[in-house]
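The structure appears right after this line, and notes come after that.
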Amino acid sequence: MTLDQCFFALGLIVVISPAVLLAVLAVTSLLDRTISERSSAKLTEASVVVGLVAIVAILVLMLGTGRRHVPIELGNWVVIPQQHFHFHLKFVFDRLSVPFTILSFVLCGIISAFASRYLHREPGYNRFFVLFSVFLLGMVLSSLAGTIETLFFGWELVGLSSALLVAYFHERTNPVRNGQRVWSIYRISDAAFLIAALTLHHLTGAGDFDALMGTGVWPEGHVSITQSHALFVGALLLLAAMGKSALVPFSGWLPRAMEGPTPSSAIFYGALSVHLGAYLLLRVGPLLEASTLLQIAVVFVGLISAIFGTLTARVQTDIKSALAFASLTQVGIIVVEIGCGLRYLALVHIIGHACLRTLQLLRAPTLLHDYHTLENAIGGHLQRNETILARWLPTRLRAGLYATAIERGYLDGSIGDMVVRPFTRLFRWCDNLERRWTNLLSGGQSRESDDVRPHVESLEEFV
Amino acid sequence: MQELHLPWMELSIVIPILGAIIVSRLRDSAIARIACLITCSLTLACATGEWIDFVRLGTFEAHDHWDLIETIFHQDVFVIDELNAPLLPLAALLCLLTALSTLRTKANRFSFNAMLASEAILMATLSCRNALGIVGLLIAAVVPVWLELRQRGRCTRVFTIHMSLFAALLLCGQWMVAAGAVFIGGALLTVAALLRTGIVPLHCWMTDLFEKATLGTALLFVTPMTGAYAVMRLVLPIAPDWALQSIAVVSLITAVYAGCMALVQHEARRFFCYLLLSQSSLVLVGLEIATPIGLTGALCVWISVGLSLGGFGLTLRSVEARVGRISLDEFHGLYEHMPTLAALFLLTGLASIGFPGTIGFIGIELLVESAVEVYPWIGMTVVLAAALNGIAILQAYFRIFTGHRHMATFSLRARRSEKIAVFVLSFLIIFGGLYPQWSVASRYHAAIELIRQRTAALGSGSDQPGHADHQTNTKSAIPNQTTDATKAPITNIAAATAQESSKTENER
């Protein structure tokens with residue numbers, strides 16, 4: 001077996017192992033033949049271990065042979081030769097994708113082991129693992145994507161699983177509303193991503209990152225498109241990253257996402273999913289460098305998010321929200337690093353932060369328990385000293401900052417007032433207009449749905 | 001023209017007619033349901049056989065073996081080609097799944113014989129390439145629906161007004177085109193087709209139909225998208241570029257408007273109707289882009305929307321069969337009782353907006369890709385419409401299946417017949433999503449042929465524009481230039497069709 005064949009086989013295993021897991025769990029669920037908790041956990045464990053071993057083997061081979069860039073070509077997924085149109089299936093193993101994929105497998109492995117006990121006998125146990133497998137596949141595809149379309153594919157899977165896991169506790173309204181909020185923000189960022197991807201495809205004639213970012217391997221490479229095009233596409237990709245990584249002004253969904261079970265909160269919003277936007281910016285780094293204006297915008301967005309995150313995290317009243325905003329602070333700093341062109345630093349920062357935050361979030365419930373035990377033992381609250389900065393700031397400014405931070409920058413309210421409410425009002429008005437029009441044509445009340453109520457009697461009828 | 005090995009098309013029309021006659025004589029609704037299922041299965045088998053036979057012939061068009069109508073009238077009325085080949089099994093499948101997902105408890109409320117009669121008309125419409133035949137069949141399809149509304153004692157005025165206008169426009173338009181007044185006739189045909197497709201502001205009949213008819217009937221009347229078929233057969237070959245642009249602009253407006261309206265609906269059927277309007281409008285958007293890739297994308301979206309939104313509607317129907325009409329103002333929490341239907345709801349809904357890994361993904365990608373290339377704002381609007389629909393779908397999913405603990409005193413789980421429907425749909429949606437090449441290649445050929453017919457017809461249009469429709473010889477000469485040189489896509493078309501044409505000639 002040649003070295004290239006070896007890389008090819010290992011690369012396939014990395015991608016196929018989460019795909020097989022998803023296929024098994026999804027098909028059994030769809031056929032209403034859910035497998036036992038033990039089997040779900042074992043299957044997930046096996047899939048993660050196989051994938052992890054394969055990617056580590058690739059890393060060892062790359063280090064041993066000194067190769068920095070290993071593309072795995074799977075051919076064209078869709079091709080119209082006469083139109084020179086193709087969707088290429090290609091995965092790339094390089095200095096960015098390999099560490100990120102290893103990180104994904106390691107953290108997903110930890111979380112699956114944790115969740116198999118944490119969610120024991122939960123009614124949605126199987127659903128959790130189905131969504132977890134969607135997430136794992138999405139992360140692996142996004143990390144290893146060699147074309148922008150493949151990255152989009154994985155990106156969407158991550159988004160869907162995240163939103164559905166926020167709404168994991170189906171019997172309550174709040175998680176579901178929050179899941180909907182997360183999904184809405186994701187859809188906006190996904191739309192920006194899709195337009196950017198297709199524009200890039202159009203500008204360069206191919207979706208391959210090699211074609212987009214020049215011939216150099218990551219982190220080198222120079223884009224072949226003009227500065228104005230780079231600015232337009234880069235701005236769209238920045239918008240996509242802002243949505244996925246909850247950067248300002250899209251930060252409102254991050255604490256809401258904590259409504260999901262702790263293991264998914266830890267892995268999605270503390271570790272992997274929240275860094276996916278930063279990963280995208282890292283991957284298209286040469287594109288950012290093509291436009292100074294774009295770099296300034298990236299630094300500005302990161303800086304604002306970091307400041308907002310640090311202020312807000314300090315006043316949160318629940319630990320998961322505090323950790324969520326603390327994550328935002330770090331993600332903001334990572335984005336600043338990317339904007340400044342410090343890509344290796346950003347990558348190391350992502351890995352370190354993701355591991356630390358995952359452990360913090362997993363520890364959060366027991367930490368609270370320990371904290372209360374400690375307070376009970378000493379018979380009062382633990383003392384808190386004011387920071388030097390707090391002592392220096394004028395009282396009115398501190399009060400203003402506190403009010404802004406406790407209200408999370410009024411971001412949710414502003415989006416509600418400025419976007420959602422006018423939108424709803426306008427289209428409800430259109431709906432009323434349609435009602436009046438059909439009433440006029442009917443010569444009376446035209447809508448039966450106005451009186452719709454769930455029919456209890458129809459249940460009886462069904463028996 | 002080549003011949004199929006059996007009279008598949010005539011069989012797939014005659015079988016439902018015979019089925020309708022037999023079912024109408026049965027008194028027992030359970031037996032009627034089984035007879036309907038057998039008829040629909042046979043029709044699907046014939047439609048699929050026809051498709052396979054056609055593919056194996058490797059030609060662009062073919063007609064039945066022992067073509068009775070051709071023998072009597074000396075005209076190829078029922079012709080299978082690249083455009084309608086997959087639409088016929090799709091339509092037959094939707095009919096079968098509708099019958100299959102009709103629970104026995106609801107059998108006495110659903111008219112199986114009317115459904116079979118509608119299926120026969122639908123199969124005939126989709127098989128027909130004769131302009132007058134299409135006009136007659138499109139008008140005939142209205143009758144069973146109208147009769148059902150009457151039987152249910154619902155007000156038919158909205159439906160009647162719109163459909164009368166549709167029939168009048170269609171008849172006048174076709175008469176004028178045949179008389180040589182292509183400009184006015186084409187305009188009338190365009191308005192008629194748009195009315196039937198449900199383009200804003202002529203869409204209110206569709207929401208009214210979903211309110212008043214049974215969901216199964218409304219679904220089968222709307223999801224096969226016969227309006228789009230009319231556009232492709234009657235309007236595309238004769239319409240000038242500006243007419244196609246107008247169709248695309250109103251379709252684009254409809255896609256966004258309906259996407260927004262879907263988000264603010266209070267009731268599930270209306271939500272579904274707007275979702276369908278929004279996504280089905282995208283098929284017509286592909287017309288304006290009119291590049292081979294854009295049209296291929298539109299034809300792919302046609303298949304994916306038909307399949308996925310057909311499945312979505314059937315899932316909604318299954319849920320309705322258990323809990324009655326569904327309000328979206330409150331949470332129902334039905335997931336615990338019907339996880340399979342919830343999964344199918346999500347899968348079909350996401351497939352309809354082109355979620356990666358499902359059948360709709362490549363279609364939307366192709367559509368947006370070519371739109372971005374030609375008119376960036378159209379591409380962005382299509383993406384916006386898909387984003388709005390995505391938000392609306394998950395909102396409806398959450399409202400119907402989550403947010404509340406529903407107490408049921410008996411099992412609401414999917415029945416075996418529903419599970420079969422679920423499995424078939426899921427398989428098609430996922431398989432089509434993971435292996436899209438075959439479908440894309442077939443749709444590309446169809447797009448190239450449609451464009452070639454159009455270019456040929458417009459090129460020779462000065463002589464006999466009125467006869468530029470289906471009788472066009474597919475081997476006719478291709479003009480080098482179109483009338484509007486300012487349109488980049490048309491130049492692409494000429495080049496692409498010429499290239500494809502020479503390739504086809506060589507292959508032959």
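Residues are referred to by chain and number: the chain letter is A, B, ... according to the order shown in the structure tokens, the number counts from 1 in that chain, and ligands are numbered separately from 1 in the order shown.
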Inset, instruction - Please provide as an MDAnalysis selection string all residues within 9 Å of Ile253 in chain B, with the sequence filter that same-chain residues fewer than 3 positions apart are discarded (counting only C-alpha atoms). - result: chainID B and resid 199:200 248:250 256:258 281 381
Please, could you write that set of residues out with N, CA, C and O atoms as a CSV table (one decimal), in the first residue's frame?
chain,number,residue,atom,x,y,z
B,199,ILE,N,-49.8,32.7,-8.3
B,199,ILE,CA,-48.9,33.8,-8.2
B,199,ILE,C,-49.6,35.0,-7.5
B,199,ILE,O,-50.7,35.3,-7.8
B,200,VAL,N,-48.9,35.7,-6.6
B,200,VAL,CA,-49.4,36.8,-6.0
B,200,VAL,C,-49.7,37.9,-7.0
B,200,VAL,O,-48.9,38.1,-7.9
B,248,ALA,N,-40.8,35.6,-14.1
B,248,ALA,CA,-39.8,35.4,-13.0
B,248,ALA,C,-40.0,36.5,-11.9
B,248,ALA,O,-39.8,36.1,-10.8
B,249,VAL,N,-40.2,37.7,-12.3
B,249,VAL,CA,-40.3,38.8,-11.3
B,249,VAL,C,-41.5,38.5,-10.4
B,249,VAL,O,-41.4,38.6,-9.2
B,250,VAL,N,-42.7,38.2,-11.0
B,250,VAL,CA,-43.8,38.0,-10.1
B,250,VAL,C,-43.6,36.7,-9.3
B,250,VAL,O,-44.1,36.6,-8.2
B,256,VAL,N,-41.0,35.4,-2.0
B,256,VAL,CA,-40.6,36.1,-0.8
B,256,VAL,C,-41.9,36.4,0.0
B,256,VAL,O,-41.9,36.2,1.2
B,257,TYR,N,-42.9,36.9,-0.7
B,257,TYR,CA,-44.2,37.3,0.0
B,257,TYR,C,-44.7,36.1,0.7
B,257,TYR,O,-45.1,36.1,1.9
B,258,ALA,N,-44.8,34.9,0.0
B,258,ALA,CA,-45.4,33.7,0.6
B,258,ALA,C,-44.5,33.2,1.8
B,258,ALA,O,-45.0,32.7,2.8
B,281,SER,N,-42.9,28.7,-6.5
B,281,SER,CA,-42.7,29.8,-7.4
B,281,SER,C,-41.2,29.8,-7.9
B,281,SER,O,-40.9,30.4,-8.9
B,381,THR,N,-32.4,37.0,-3.5
B,381,THR,CA,-33.8,36.9,-3.2
B,381,THR,C,-34.2,35.4,-3.0
B,381,THR,O,-35.0,35.1,-2.1
Closest atom pairs, chain B residues within 7 Å of chain A, only C-alpha atoms, as CSV:
residue,atom,partner,partner_atom,distance
B:Thr105,CA,A:Phe462,CA,6.4
B:Cys155,CA,A:Ser442,CA,6.8
B:Arg157,CA,A:Ser442,CA,5.3
B:Val158,CA,A:Leu441,CA,5.7
B:Cys204,CA,A:Thr438,CA,7.0
B:Glu211,CA,A:Glu448,CA,6.3
B:Cys260,CA,A:Phe427,CA,6.9
B:Met261,CA,A:Phe427,CA,6.0
B:Val264,CA,A:Thr424,CA,6.5
B:Glu267,CA,A:Ser449,CA,6.3
B:Arg322,CA,A:Leu459,CA,5.8
B:Val323,CA,A:Leu459,CA,5.7
B:Gly324,CA,A:His455,CA,5.5
B:Arg325,CA,A:Pro454,CA,6.3
B:Ile326,CA,A:Pro454,CA,6.1
B:Ser327,CA,A:Val452,CA,6.0
B:Gly333,CA,A:Glu171,CA,6.6
B:Thr340,CA,A:Leu30,CA,5.6
B:Ala343,CA,A:Leu30,CA,6.8
B:Pro356,CA,A:Phe153,CA,5.4
B:Glu369,CA,A:Leu198,CA,5.6
B:Val372,CA,A:Thr199,CA,6.6
B:Glu373,CA,A:His202,CA,6.4
B:Met380,CA,A:Ile195,CA,6.6
B:Val383,CA,A:Ala191,CA,5.9
B:Leu384,CA,A:Ala191,CA,6.6
B:Ala387,CA,A:Arg187,CA,5.5
B:Ile391,CA,A:Ser184,CA,5.7
B:Leu394,CA,A:Gln180,CA,7.0
B:Gln395,CA,A:Gln180,CA,6.3
B:Phe398,CA,A:Val176,CA,6.5
B:Thr402,CA,A:His170,CA,4.8
B:Gly403,CA,A:Thr173,CA,4.2
B:His404,CA,A:Glu171,CA,4.5
B:Arg405,CA,A:Glu171,CA,5.0
B:Pro436,CA,A:Val78,CA,6.6
B:Gln437,CA,A:Val78,CA,5.0
Inset, instruction - Name the residues in contact with range 399-414 of chain A at a cut-off of 6 Å, using only C-alpha atoms, excluding same-chain residues fewer than 5 positions from it; report them as a ChimeraX atom specification. - result: /A:252,311-312,315
Inset, instruction - Mind giving me the straight-line distance from CA of Tyr335 in chain B to CA of Ser273 in chain A in Å, one decimal? - result: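 Distance between the two atoms: 26.0 Å.
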Legend entry - Coordinates-based distance that separates CA of Ser142 in chain A from CA of Pro255 in chain A (Å, one decimal):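 Distance between the two atoms: 24.1 Å.
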Inset, instruction - Name all residues at most 9 Å from Tyr444 in chain B (count only C-alpha atoms; drop same-chain ones fewer than 3 positions away) and give them as a list in words. - result: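 Here the answer would be Ile80 of chain A; Pro292, Ile293, Leu295, Thr296, Gly297, Leu299, Cys300, Ser439, Val440, Ala441, Ala447, Ile448 and Glu449 of chain B.
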Output file for the selection above: all heavy atoms, as an mmCIF file, in the first residue's frame:
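The resulting file, result-v7.cif, is shown below:
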data_model
loop_
_atom_site.group_PDB
_atom_site.id
_atom_site.type_symbol
_atom_site.label_atom_id
_atom_site.label_comp_id
_atom_site.auth_asym_id
_atom_site.auth_seq_id
_atom_site.Cartn_x
_atom_site.Cartn_y
_atom_site.Cartn_z
ATOM 1 N N ILE A 80 -21.852 18.830 -14.589
ATOM 2 C CA ILE A 80 -22.451 19.053 -15.912
ATOM 3 C C ILE A 80 -21.291 19.485 -16.799
ATOM 4 O O ILE A 80 -20.952 20.677 -16.846
ATOM 5 C CB ILE A 80 -23.562 20.126 -15.868
ATOM 6 C CG1 ILE A 80 -24.610 19.780 -14.796
ATOM 7 C CG2 ILE A 80 -24.242 20.251 -17.219
ATOM 8 C CD1 ILE A 80 -25.704 20.815 -14.641
ATOM 9 N N PRO B 292 -28.896 27.236 -19.298
ATOM 10 C CA PRO B 292 -29.097 25.793 -19.122
ATOM 11 C C PRO B 292 -29.028 25.380 -17.648
ATOM 12 O O PRO B 292 -29.830 24.579 -17.192
ATOM 13 C CB PRO B 292 -27.950 25.189 -19.927
ATOM 14 C CG PRO B 292 -27.648 26.207 -20.972
ATOM 15 C CD PRO B 292 -27.899 27.532 -20.344
ATOM 16 N N ILE B 293 -28.096 25.964 -16.909
ATOM 17 C CA ILE B 293 -27.971 25.579 -15.492
ATOM 18 C C ILE B 293 -29.174 26.079 -14.692
ATOM 19 O O ILE B 293 -29.709 25.373 -13.845
ATOM 20 C CB ILE B 293 -26.653 26.114 -14.896
ATOM 21 C CG1 ILE B 293 -25.480 25.374 -15.538
ATOM 22 C CG2 ILE B 293 -26.608 25.934 -13.389
ATOM 23 C CD1 ILE B 293 -24.137 25.706 -14.969
ATOM 24 N N LEU B 295 -32.221 26.662 -15.759
ATOM 25 C CA LEU B 295 -33.410 25.863 -16.079
ATOM 26 C C LEU B 295 -33.280 24.450 -15.495
ATOM 27 O O LEU B 295 -34.257 23.882 -15.004
ATOM 28 C CB LEU B 295 -33.603 25.805 -17.597
ATOM 29 C CG LEU B 295 -35.024 25.516 -18.072
ATOM 30 C CD1 LEU B 295 -36.033 26.450 -17.455
ATOM 31 C CD2 LEU B 295 -35.114 25.613 -19.581
ATOM 32 N N THR B 296 -32.063 23.920 -15.511
ATOM 33 C CA THR B 296 -31.843 22.604 -14.881
ATOM 34 C C THR B 296 -32.187 22.690 -13.397
ATOM 35 O O THR B 296 -32.865 21.811 -12.846
ATOM 36 C CB THR B 296 -30.365 22.173 -15.043
ATOM 37 O OG1 THR B 296 -30.017 22.240 -16.414
ATOM 38 C CG2 THR B 296 -30.138 20.776 -14.522
ATOM 39 N N GLY B 297 -31.712 23.762 -12.769
ATOM 40 C CA GLY B 297 -32.016 23.964 -11.349
ATOM 41 C C GLY B 297 -33.511 24.033 -11.108
ATOM 42 O O GLY B 297 -34.047 23.410 -10.188
ATOM 43 N N LEU B 299 -35.916 22.769 -12.922
ATOM 44 C CA LEU B 299 -36.546 21.452 -13.117
ATOM 45 C C LEU B 299 -36.228 20.521 -11.950
ATOM 46 O O LEU B 299 -37.070 19.708 -11.539
ATOM 47 C CB LEU B 299 -36.088 20.833 -14.442
ATOM 48 C CG LEU B 299 -36.490 21.598 -15.712
ATOM 49 C CD1 LEU B 299 -35.986 20.889 -16.944
ATOM 50 C CD2 LEU B 299 -37.993 21.777 -15.811
ATOM 51 N N CYS B 300 -35.021 20.647 -11.390
ATOM 52 C CA CYS B 300 -34.673 19.841 -10.202
ATOM 53 C C CYS B 300 -35.537 20.260 -9.011
ATOM 54 O O CYS B 300 -36.021 19.416 -8.249
ATOM 55 C CB CYS B 300 -33.199 20.023 -9.836
ATOM 56 S SG CYS B 300 -32.080 19.207 -10.936
ATOM 57 N N SER B 439 -30.229 12.432 -11.495
ATOM 58 C CA SER B 439 -31.380 13.320 -11.668
ATOM 59 C C SER B 439 -30.953 14.631 -12.342
ATOM 60 O O SER B 439 -31.649 15.139 -13.228
ATOM 61 C CB SER B 439 -32.013 13.555 -10.294
ATOM 62 O OG SER B 439 -32.423 14.840 -10.134
ATOM 63 N N VAL B 440 -29.801 15.164 -11.942
ATOM 64 C CA VAL B 440 -29.337 16.429 -12.525
ATOM 65 C C VAL B 440 -29.057 16.247 -14.019
ATOM 66 O O VAL B 440 -29.439 17.093 -14.837
ATOM 67 C CB VAL B 440 -28.068 16.929 -11.782
ATOM 68 C CG1 VAL B 440 -27.411 18.082 -12.531
ATOM 69 C CG2 VAL B 440 -28.427 17.388 -10.381
ATOM 70 N N ALA B 441 -28.419 15.123 -14.379
ATOM 71 C CA ALA B 441 -28.102 14.886 -15.798
ATOM 72 C C ALA B 441 -29.388 14.809 -16.617
ATOM 73 O O ALA B 441 -29.489 15.415 -17.692
ATOM 74 C CB ALA B 441 -27.307 13.595 -15.924
ATOM 75 N N ALA B 447 -33.706 20.419 -19.900
ATOM 76 C CA ALA B 447 -33.566 21.874 -20.002
ATOM 77 C C ALA B 447 -33.010 22.255 -21.367
ATOM 78 O O ALA B 447 -33.505 23.192 -22.015
ATOM 79 C CB ALA B 447 -32.651 22.379 -18.891
ATOM 80 N N ILE B 448 -32.002 21.524 -21.794
ATOM 81 C CA ILE B 448 -31.382 21.833 -23.094
ATOM 82 C C ILE B 448 -32.413 21.679 -24.213
ATOM 83 O O ILE B 448 -32.515 22.528 -25.102
ATOM 84 C CB ILE B 448 -30.167 20.902 -23.326
ATOM 85 C CG1 ILE B 448 -29.010 21.327 -22.426
ATOM 86 C CG2 ILE B 448 -29.739 20.910 -24.794
ATOM 87 C CD1 ILE B 448 -28.398 22.669 -22.780
ATOM 88 N N GLU B 449 -33.210 20.631 -24.139
ATOM 89 C CA GLU B 449 -34.205 20.398 -25.189
ATOM 90 C C GLU B 449 -35.288 21.471 -25.173
ATOM 91 O O GLU B 449 -35.718 21.942 -26.211
ATOM 92 C CB GLU B 449 -34.837 19.006 -25.030
ATOM 93 C CG GLU B 449 -33.991 17.887 -25.596
ATOM 94 C CD GLU B 449 -33.681 18.043 -27.083
ATOM 95 O OE1 GLU B 449 -34.530 18.562 -27.829
ATOM 96 O OE2 GLU B 449 -32.573 17.653 -27.486
#
Inset, instruction - Would you list, as a ChimeraX atom specification, the residues of range 219-448 of chain B that end up in alpha helix (DSSP H) under DSSP run on this structure's backbone? - result: /B:219-222,226-230,241-263,268-289,292-323,339-352,360-374,376-401,416-434,437-448
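Excluding Pro89 in chain B and any residue on its chain fewer than 4 positions from it, the residues at most 6 Å away by only C-alpha atoms are B:Leu44, B:Ala47, B:Thr48, B:Leu93.
With only C-alpha atoms as the basis for measurement, A:Val134 is the residue among A:Val134, A:Leu280, A:Phe7, A:Glu73 that approaches Gly357 in chain B most closely.
By chain and then residue number, the residues within 9 Å of Val70 in chain A are Asp4, Phe7, Phe8, Met62, Arg67, Arg68, Ile72, Phe91, Val92, Phe93 and Asp94 of chain A, counting only C-alpha atoms and disregarding those fewer than 2 positions away in sequence.
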Legend entry - Selection near Phe427 in chain B, 12 Å with only C-alpha atoms, sequence-local residues under 2 positions removed, as a count of residues only: 28
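For the set A:Ala19, A:Leu238, A:Thr329, A:Phe129, the residue with the smallest atom-to-atom gap to Arg314 in chain A is A:Thr329, counting only C-alpha atoms.
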Legend entry - Two-atom distance - CA of Phe308 in chain A, CA of Phe325 in chain A (Å): 8.4 Å
Inset, instruction - Compare A:Glu337, A:Ser251, A:Arg283, A:Thr28 by their minimum atom-to-atom distance to Gly221 in chain A, counting only C-alpha atoms, and give me the closest one. - result: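 Closest to Gly221 in chain A, using only C-alpha atoms: A:Arg283.
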